[in-house]
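Participant: Okay, so here is data-v6.pdb, and as you'll see once you scroll down, it has PDB, C-alpha atoms.
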MODEL        1
ATOM      1  CA  MET W 284       0.000   0.000   0.000  1.00  0.00           C
ATOM      2  CA  ASP W 285       2.808   2.426   0.797  1.00  0.00           C
ATOM      3  CA  GLY W 286       4.317   2.154  -2.680  1.00  0.00           C
ATOM      4  CA  ARG W 287       1.060   1.983  -4.643  1.00  0.00           C
ATOM      5  CA  TYR W 288      -1.190   4.345  -2.661  1.00  0.00           C
ATOM      6  CA  MET W 289      -2.022   6.313  -5.825  1.00  0.00           C
ATOM      7  CA  GLU W 290      -3.678   3.284  -7.436  1.00  0.00           C
ATOM      8  CA  PRO W 291      -7.380   2.500  -6.919  1.00  0.00           C
ATOM      9  CA  LEU W 292      -6.751  -0.211  -4.304  1.00  0.00           C
ATOM     10  CA  THR W 293      -9.589  -1.953  -2.496  1.00  0.00           C
ATOM     11  CA  VAL W 294      -9.493  -4.220   0.525  1.00  0.00           C
ATOM     12  CA  ASP W 295     -10.462  -7.082  -1.815  1.00  0.00           C
ATOM     13  CA  ASP W 296      -7.399  -6.330  -4.002  1.00  0.00           C
ATOM     14  CA  LEU W 297      -5.134  -6.295  -0.955  1.00  0.00           C
ATOM     15  CA  ALA W 298      -6.590  -9.500   0.458  1.00  0.00           C
ATOM     16  CA  ARG W 299      -6.218 -11.230  -2.901  1.00  0.00           C
ATOM     17  CA  ALA W 300      -2.568 -10.108  -3.135  1.00  0.00           C
ATOM     18  CA  ALA W 301      -1.956 -11.489   0.354  1.00  0.00           C
ATOM     19  CA  GLY W 302      -3.709 -14.763  -0.496  1.00  0.00           C
ATOM     20  CA  LEU W 303      -6.276 -14.309   2.278  1.00  0.00           C
ATOM     21  CA  SER W 304     -10.008 -13.855   2.494  1.00  0.00           C
ATOM     22  CA  ARG W 305     -11.183 -10.283   2.898  1.00  0.00           C
ATOM     23  CA  GLY W 306     -12.282 -10.872   6.510  1.00  0.00           C
ATOM     24  CA  HIS W 307      -9.090 -12.655   7.538  1.00  0.00           C
ATOM     25  CA  PHE W 308      -6.909 -10.051   5.840  1.00  0.00           C
ATOM     26  CA  SER W 309      -8.755  -7.171   7.511  1.00  0.00           C
ATOM     27  CA  ALA W 310      -8.565  -8.814  10.946  1.00  0.00           C
ATOM     28  CA  GLU W 311      -4.843  -9.586  10.632  1.00  0.00           C
ATOM     29  CA  PHE W 312      -4.078  -6.145   9.262  1.00  0.00           C
ATOM     30  CA  ARG W 313      -5.913  -4.460  12.131  1.00  0.00           C
ATOM     31  CA  ARG W 314      -4.161  -6.697  14.663  1.00  0.00           C
ATOM     32  CA  THR W 315      -0.755  -5.893  13.156  1.00  0.00           C
ATOM     33  CA  TYR W 316      -1.127  -2.173  12.365  1.00  0.00           C
ATOM     34  CA  GLY W 317      -3.795  -1.124  14.849  1.00  0.00           C
ATOM     35  CA  GLU W 318      -6.214   0.175  12.224  1.00  0.00           C
ATOM     36  CA  PRO W 319      -8.256  -1.185   9.317  1.00  0.00           C
ATOM     37  CA  PRO W 320      -6.541  -1.348   5.896  1.00  0.00           C
ATOM     38  CA  HIS W 321      -8.745   1.351   4.339  1.00  0.00           C
ATOM     39  CA  VAL W 322      -7.888   3.786   7.158  1.00  0.00           C
ATOM     40  CA  TYR W 323      -4.176   3.017   6.787  1.00  0.00           C
ATOM     41  CA  LEU W 324      -4.364   3.632   3.027  1.00  0.00           C
ATOM     42  CA  LEU W 325      -6.279   6.896   3.445  1.00  0.00           C
ATOM     43  CA  THR W 326      -3.709   8.077   6.006  1.00  0.00           C
ATOM     44  CA  ARG W 327      -0.830   7.380   3.584  1.00  0.00           C
ATOM     45  CA  ARG W 328      -2.666   9.253   0.832  1.00  0.00           C
ATOM     46  CA  LEU W 329      -3.351  12.264   3.045  1.00  0.00           C
ATOM     47  CA  GLU W 330       0.248  12.357   4.279  1.00  0.00           C
ATOM     48  CA  ARG W 331       1.461  12.392   0.676  1.00  0.00           C
ATOM     49  CA  ALA W 332      -1.095  15.080  -0.174  1.00  0.00           C
ATOM     50  CA  ALA W 333       0.223  17.239   2.675  1.00  0.00           C
ATOM     51  CA  ALA W 334       3.767  16.905   1.308  1.00  0.00           C
ATOM     52  CA  LEU W 335       2.565  17.879  -2.174  1.00  0.00           C
ATOM     53  CA  LEU W 336       0.705  20.892  -0.781  1.00  0.00           C
ATOM     54  CA  ARG W 337       3.895  22.052   0.961  1.00  0.00           C
ATOM     55  CA  ASN W 338       6.300  21.347  -1.898  1.00  0.00           C
ATOM     56  CA  THR W 339       4.459  21.930  -5.186  1.00  0.00           C
ATOM     57  CA  ASP W 340       2.202  24.497  -6.740  1.00  0.00           C
ATOM     58  CA  TRP W 341      -0.230  21.853  -8.040  1.00  0.00           C
ATOM     59  CA  SER W 342      -3.906  22.589  -7.587  1.00  0.00           C
ATOM     60  CA  VAL W 343      -5.863  20.857  -4.834  1.00  0.00           C
ATOM     61  CA  ALA W 344      -7.724  18.853  -7.482  1.00  0.00           C
ATOM     62  CA  GLU W 345      -4.450  17.708  -9.101  1.00  0.00           C
ATOM     63  CA  ILE W 346      -3.102  16.623  -5.723  1.00  0.00           C
ATOM     64  CA  CYS W 347      -6.351  14.818  -4.916  1.00  0.00           C
ATOM     65  CA  MET W 348      -6.070  12.774  -8.115  1.00  0.00           C
ATOM     66  CA  ALA W 349      -2.300  12.256  -7.769  1.00  0.00           C
ATOM     67  CA  VAL W 350      -2.702  10.517  -4.409  1.00  0.00           C
ATOM     68  CA  GLY W 351      -5.371   8.154  -5.683  1.00  0.00           C
ATOM     69  CA  LEU W 352      -8.539   9.898  -4.545  1.00  0.00           C
ATOM     70  CA  SER W 353     -11.338  10.809  -6.908  1.00  0.00           C
ATOM     71  CA  SER W 354     -13.542  13.294  -5.034  1.00  0.00           C
ATOM     72  CA  VAL W 355     -12.166  16.719  -4.145  1.00  0.00           C
ATOM     73  CA  GLY W 356     -15.010  17.215  -1.658  1.00  0.00           C
ATOM     74  CA  SER W 357     -14.261  13.971   0.196  1.00  0.00           C
ATOM     75  CA  PHE W 358     -10.536  14.713   0.022  1.00  0.00           C
ATOM     76  CA  THR W 359     -11.066  18.164   1.561  1.00  0.00           C
ATOM     77  CA  THR W 360     -13.247  16.754   4.337  1.00  0.00           C
ATOM     78  CA  SER W 361     -10.822  13.923   5.174  1.00  0.00           C
ATOM     79  CA  PHE W 362      -7.819  16.241   4.989  1.00  0.00           C
ATOM     80  CA  ALA W 363      -9.433  18.774   7.325  1.00  0.00           C
ATOM     81  CA  ARG W 364     -10.363  16.004   9.765  1.00  0.00           C
ATOM     82  CA  MET W 365      -6.756  14.763   9.852  1.00  0.00           C
ATOM     83  CA  PHE W 366      -4.822  18.059   9.746  1.00  0.00           C
ATOM     84  CA  GLY W 367      -7.322  20.449  11.330  1.00  0.00           C
ATOM     85  CA  ARG W 368      -7.569  22.691   8.262  1.00  0.00           C
ATOM     86  CA  THR W 369      -8.564  22.458   4.621  1.00  0.00           C
ATOM     87  CA  PRO W 370      -5.904  21.752   1.982  1.00  0.00           C
ATOM     88  CA  THR W 371      -5.962  25.421   0.920  1.00  0.00           C
ATOM     89  CA  GLU W 372      -5.547  26.637   4.507  1.00  0.00           C
ATOM     90  CA  TYR W 373      -2.785  24.074   5.076  1.00  0.00           C
ATOM     91  CA  ARG W 374      -0.879  25.273   1.993  1.00  0.00           C
ATOM     92  CA  ALA W 375      -1.227  28.923   3.059  1.00  0.00           C
ATOM     93  CA  ALA W 376       0.586  28.125   6.323  1.00  0.00           C
ATOM     94  CA  TYR W 377       3.788  27.253   4.396  1.00  0.00           C
ATOM     95  CA  PRO W 378       6.051  29.310   2.133  1.00  0.00           C
ATOM     96  CA  PRO W 379       5.279  29.064  -1.591  1.00  0.00           C
ATOM     97  CA  ALA W 380       6.848  26.042  -3.291  1.00  0.00           C
ATOM     98  CA  ALA W 381       8.857  28.305  -5.626  1.00  0.00           C
ATOM     99  CA  GLU W 382      10.802  29.612  -2.626  1.00  0.00           C
ATOM    100  CA  GLN W 383      11.911  26.075  -1.824  1.00  0.00           C
ATOM    101  CA  ALA W 384      13.256  25.253  -5.279  1.00  0.00           C
ATOM    102  CA  ILE W 385      16.704  23.725  -5.056  1.00  0.00           C
ATOM    103  CA  ILE W 386      18.960  24.984  -7.807  1.00  0.00           C
ATOM    104  CA  PRO W 387      22.105  22.947  -8.534  1.00  0.00           C
ATOM    105  CA  ALA W 388      25.380  24.794  -7.849  1.00  0.00           C
ATOM    106  CA  CYS W 389      26.542  24.359 -11.452  1.00  0.00           C
ATOM    107  CA  VAL W 390      23.448  26.188 -12.702  1.00  0.00           C
ATOM    108  CA  LEU W 391      23.962  28.982 -10.173  1.00  0.00           C
ATOM    109  CA  ARG W 392      27.578  29.385 -11.322  1.00  0.00           C
ATOM    110  CA  VAL W 393      26.644  29.591 -15.001  1.00  0.00           C
ATOM    111  CA  TYR W 394      23.860  32.112 -14.506  1.00  0.00           C
ATOM    112  CA  GLY W 395      25.715  33.992 -11.773  1.00  0.00           C
ATOM    113  CA  ARG W 396      28.729  34.818 -13.942  1.00  0.00           C
ATOM    114  CA  PRO W 397      29.077  38.340 -15.316  1.00  0.00           C
ATOM    115  CA  LYS W 398      27.773  38.804 -18.835  1.00  0.00           C
ATOM    116  CA  HIS W 399      30.900  40.632 -20.021  1.00  0.00           C
ATOM    117  CA  ARG W 400      34.446  39.884 -18.984  1.00  0.00           C
ATOM    118  CA  THR W 401      36.653  42.847 -18.298  1.00  0.00           C
ATOM    119  CA  PHE W 402      40.126  41.414 -17.842  1.00  0.00           C
ATOM    120  CA  ARG W 403      42.070  42.513 -20.952  1.00  0.00           C
ATOM    121  CA  GLU W 404      39.214  41.628 -23.224  1.00  0.00           C
ATOM    122  CA  ASP W 405      37.975  45.133 -23.925  1.00  0.00           C
ATOM    123  CA  THR W 406      41.302  46.398 -25.354  1.00  0.00           C
ATOM    124  CA  GLY W 407      42.016  43.556 -27.731  1.00  0.00           C
ATOM    125  CA  ASP W 408      45.644  43.183 -26.572  1.00  0.00           C
ATOM    126  CA  ALA W 409      45.333  40.332 -24.100  1.00  0.00           C
ATOM    127  CA  GLY W 410      48.816  39.082 -25.003  1.00  0.00           C
ATOM    128  CA  SER W 411      50.797  42.296 -24.344  1.00  0.00           C
TER     129      SER W 411
ENDMDL
END
Could you render the structure from this file as structure tokens?

Facilitator:
Amino acid sequence: MDGRYMEPLTVDDLARAAGLSRGHFSAEFRRTYGEPPHVYLLTRRLERAAALLRNTDWSVAEICMAVGLSSVGSFTTSFARMFGRTPTEYRAAYPPAAEQAIIPACVLRVYGRPKHRTFREDTGDAGS
């Protein structure tokens, strides 16, 4: 579930992958992780959505779809229940994603160099 949270997974799919009946899978999952599989999956999706809200400028709808949810309304309600604010309010509490962009040092050096060199290049007699 952690690696494929964006796919439309159901408890039946998970149980089938584990080779267990739906009931047995759900009971064992709850015993092991302390919550039902659908709650665990929703939590992973919402955690990923929170990271995307902090680190991208994607719309709320794009993030909703990217984490495997299909209803923006349900996403907003679940997100607010988990984080105490709507996705839009959550994003507003963090600096814009553009301010967090990491620019490689080589790119900074290339674009940070002066446009015109001045050491003996303006006179044409660099060799004298």

Participant: Which residues of stretch 302-382 of chain W have any atom within 8 Å of an atom in stretch 291-295 of chain W when counting only C-alpha atoms, and what is the closest pair of atoms for each, with the distance in Å to one decimal? Order the rows by chain and rising number and write it as CSV.

Facilitator:
residue,atom,partner,partner_atom,distance
W:Arg305,CA,W:Asp295,CA,5.7
W:Ser309,CA,W:Val294,CA,7.6
W:Pro320,CA,W:Val294,CA,6.8
W:His321,CA,W:Val294,CA,6.8
W:Gly351,CA,W:Pro291,CA,6.1
W:Leu352,CA,W:Pro291,CA,7.9

Participant: Can you work out which one of W:Val393, W:Val343, W:Ala388, W:Val350 has the shortest atom-to-atom distance to W:Thr369, counting all atoms listed in the file?

Facilitator: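 Selected residue with least distance to W:Thr369: W:Val343.
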
Participant: Provide the atom CA of W:Leu335 to atom CA of W:Val322 distance in Å, to one decimal place.

Facilitator: 19.9 Å

Participant: Give me, please, the distance in Å between atom CA of W:Glu372 and atom CA of W:Ala333, quoted to one decimal.

Facilitator: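 Computing the Euclidean distance for atom CA of W:Glu372 and atom CA of W:Ala333 yields 11.2 Å.
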
Participant: Return as an NGL selection string the set of residues that the PyMOL selection byres ((chain W and resi 284) around 9) yields on the displayed structure.

Facilitator: :W and (285-290 or 292 or 297 or 320 or 323-324 or 327)
